[in-house]
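Undergrad: The following block contains the structure, expressed as structure tokens.
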Amino acid sequence: MLSSKKSDHRARRVTLDLDVLRSFVTGIELGSFAKAANRLGRSTSAVSTQLKKLEEQTGAAIFRKAGRSLALTDAGETMLAYACRLIELNDEAVAAVRGVEMEGWARLGLQEDFGETLLPRVLGQFARAHPKVRIEARIARNAELIERVIAGQLDLALAWSDGTLLPRSEPIAQVPLCWIGPAAMNNTPHFPKGEPVPLAVLEAPCLLRTIATNALDGAGVPWRIAFTSPSLSGLWAATAAGLGVMVRTPIGVPENLRTLGRGEAGLPELPSLGLVLHRADAEPDPAAARLASILIQAVCELLPDSPSSSDSASQHRARARHQTAI
């Protein structure tokens, strides 16, 4: 016979309702539970009932009044983070079961920036869900990725936006650019007044190389090319050695480098850079379509504050402190 203590423990176990969590997350993302009700095909009163159920199940207040709107409490912020993870796992499980028999090929191209930060996760998640699909991945620079999509040699390509939009290009995010220098304090970049700023750059043509030199020219700062490489790994090494500074996004910056603060070393501010998913086909086969969905989701989780045009990943960008109208 179970002890009363063990019985009480089992009685207190709560199984959260995923439909309730989905309504909760969607309402926070859209900034309105009325909009969430419309998207989910429910009445506003039904969604309100779900939110009350969530508070009853957790035994904690999820919302607090903020003027005419509602804001999340500390418990609500915690619940939002877990709700996103639970929904993601649920959707991945459903996709895995439904797609276990999916077969074929999916050909993906990526910028070098995402080779270590994004590719292993995307490939691992896809392979677990669709073990019979073979993936061909290629790491290349922007121009080559776009050329291969146009030629039908890649189904998907995640590339920086250089103004080239193909018929099936989808903007994903805006990513901030930054100056990057060595992490070691004794190598902190300092350029004497009037001395050209040494740059570590990729071989031309290079979008970020052009952005860097244009920013320096616009600020009246002299510069010189101190190191050129055909690969990003070469730039990381040269910058870590103190040969120059480079322009890149914060994605995948090695530990021996650091992003420089605003105005540090007299360097000018930089713009943001668009990230685009190019597709070869208007109606891709199921394998490529599923890979695109996983890729977009992973990007939006890597850049949680970046705006995206994709609803499939929008739940993962919900911010815990949004005020939400009922």
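In the structure tokens, chains take the letters A, B, ... in the order shown, each chain's residues start at 1, and ligands count up from 1 in the order shown.
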Where in range 88-293 of chain A does DSSP assign strand (DSSP E), given as JSON, numbers by chain?

TA: {"A": [104, 105, 106, 107, 108, 109, 110, 133, 134, 135, 136, 137, 138, 139, 156, 157, 158, 159, 160, 169, 170, 171, 172, 173, 174, 175, 176, 178, 179, 180, 181, 182, 197, 198, 199, 200, 201, 202, 223, 224, 225, 226, 227, 228, 229, 246, 247, 248, 257, 258, 259, 272, 273, 274, 275, 276, 277, 278, 279]}

Undergrad: Hey, what's within 10 Å of Thr164 in chain A if we count only C-alpha atoms and toss same-chain stuff fewer than 5 positions away? As a ChimeraX atom specification, please?

TA: /A:142-143,146,169,276,278

Undergrad: Mind giving me the straight-line distance from CA of Glu144 in chain A to CA of Pro230 in chain A in Å, one decimal?

TA: 13.1 Å

Undergrad: To one decimal place, how far is CA of Arg64 in chain A from CA of Thr15 in chain A in Å?

TA: 23.8 Å

Undergrad: Would you list the contacts of range 52-62 of chain A as a PyMOL selection string, taking every protein, DNA or RNA residue within 7 Å and counting only C-alpha atoms, but skipping same-chain residues closer than 4 positions in sequence?

TA: chain A and resi 14+20+48+72-73+75-76

Undergrad: Which residue out of A:Pro196, A:Asn38, A:Leu80, A:Glu203 has the minimum interatomic distance to Gly244 in chain A when only C-alpha atoms are used?

TA: A:Pro196

Undergrad: Could you work out how far CA of Ala157 in chain A lies from CA of Cys206 in chain A, giving the answer in Å with one decimal?

TA: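 Taking CA of Cys206 in chain A as the start and CA of Ala157 in chain A as the end point, the length is 17.3 Å.
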
Undergrad: From a backbone DSSP assignment, name each residue in range 75-176 of chain A labelled helix (DSSP H, G or I), as number ranges by chain.

TA: A: 75-99, 114-117, 119-129, 142-150

Undergrad: Hey, what's within 8 Å of Ala140 in chain A if we count only C-alpha atoms and toss same-chain stuff fewer than 4 positions away? As a list in words, please?

TA: Gly109, Leu110, Gln111, Glu112, Glu144 and Leu145 of chain A

Undergrad: With C-alpha atoms retained, export the selected residues as a short mmCIF file (atom, residue, chain, number, x, y, z; two decimals), in the first residue's frame.

TA:
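Contents of the output file part.cif:
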```cif
data_model
loop_
_atom_site.label_atom_id
_atom_site.label_comp_id
_atom_site.auth_asym_id
_atom_site.auth_seq_id
_atom_site.Cartn_x
_atom_site.Cartn_y
_atom_site.Cartn_z
CA GLY A 109 23.43 25.58 -49.14
CA LEU A 110 24.64 27.75 -46.25
CA GLN A 111 26.99 30.62 -45.54
CA GLU A 112 30.18 29.68 -43.71
CA GLU A 144 27.89 30.69 -55.47
CA LEU A 145 24.84 29.82 -53.39
#
```

Undergrad: What's the 6 Å shell around range 255-266 of chain A, counting only C-alpha atoms, without same-chain residues fewer than 3 positions away, as a tab-separated table (two decimals) with N, CA and C atoms, in the first residue's frame?

TA:
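Below is the file part_33.tsv, written as the result:
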```
chain	number	residue	atom	x	y	z
A	179	TRP	N	31.95	45.21	-35.66
A	179	TRP	CA	33.40	45.10	-35.81
A	179	TRP	C	33.89	44.02	-34.85
A	180	ILE	N	34.84	43.23	-35.29
A	180	ILE	CA	35.34	42.12	-34.48
A	180	ILE	C	36.85	42.23	-34.38
A	181	GLY	N	37.35	42.08	-33.15
A	181	GLY	CA	38.79	42.15	-32.90
A	181	GLY	C	39.21	41.04	-31.97
A	182	PRO	N	40.49	40.95	-31.62
A	182	PRO	CA	40.99	39.89	-30.73
A	182	PRO	C	40.45	40.06	-29.32
A	183	ALA	N	40.23	38.94	-28.63
A	183	ALA	CA	39.68	38.98	-27.27
A	183	ALA	C	40.75	39.35	-26.25
A	190	HIS	N	43.88	49.37	-31.23
A	190	HIS	CA	44.02	50.80	-31.01
A	190	HIS	C	44.79	51.35	-32.21
A	240	ALA	N	42.42	37.15	-34.75
A	240	ALA	CA	42.89	36.71	-33.43
A	240	ALA	C	44.36	37.03	-33.24
```

Undergrad: With only C-alpha atoms as the basis for distance, which of A:Ala280, A:Cys84, A:Leu51, A:Ala204 is at the shortest distance from Ile150 in chain A?

TA: A:Ala280

Undergrad: Out of A:Asp19, A:Asp113, A:Glu301, A:Glu170, which residue has the shortest atom-to-atom distance to Leu40 in chain A when counting only C-alpha atoms?

TA: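 That would be A:Asp19, the residue with the smallest distance to Leu40 in chain A.
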
Undergrad: Could you list, as a ChimeraX atom specification, every residue within 7 Å of range 210-223 of chain A, counting only C-alpha atoms and ignoring same-chain residues fewer than 4 positions away?

TA: /A:195-198,206,247,268,270

Undergrad: Which one of A:Arg39, A:Arg224, A:Lys65, A:Arg138 sits closest to Leu108 in chain A if you count only C-alpha atoms?

TA: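 Smallest separation from Leu108 in chain A among the options: A:Arg138.
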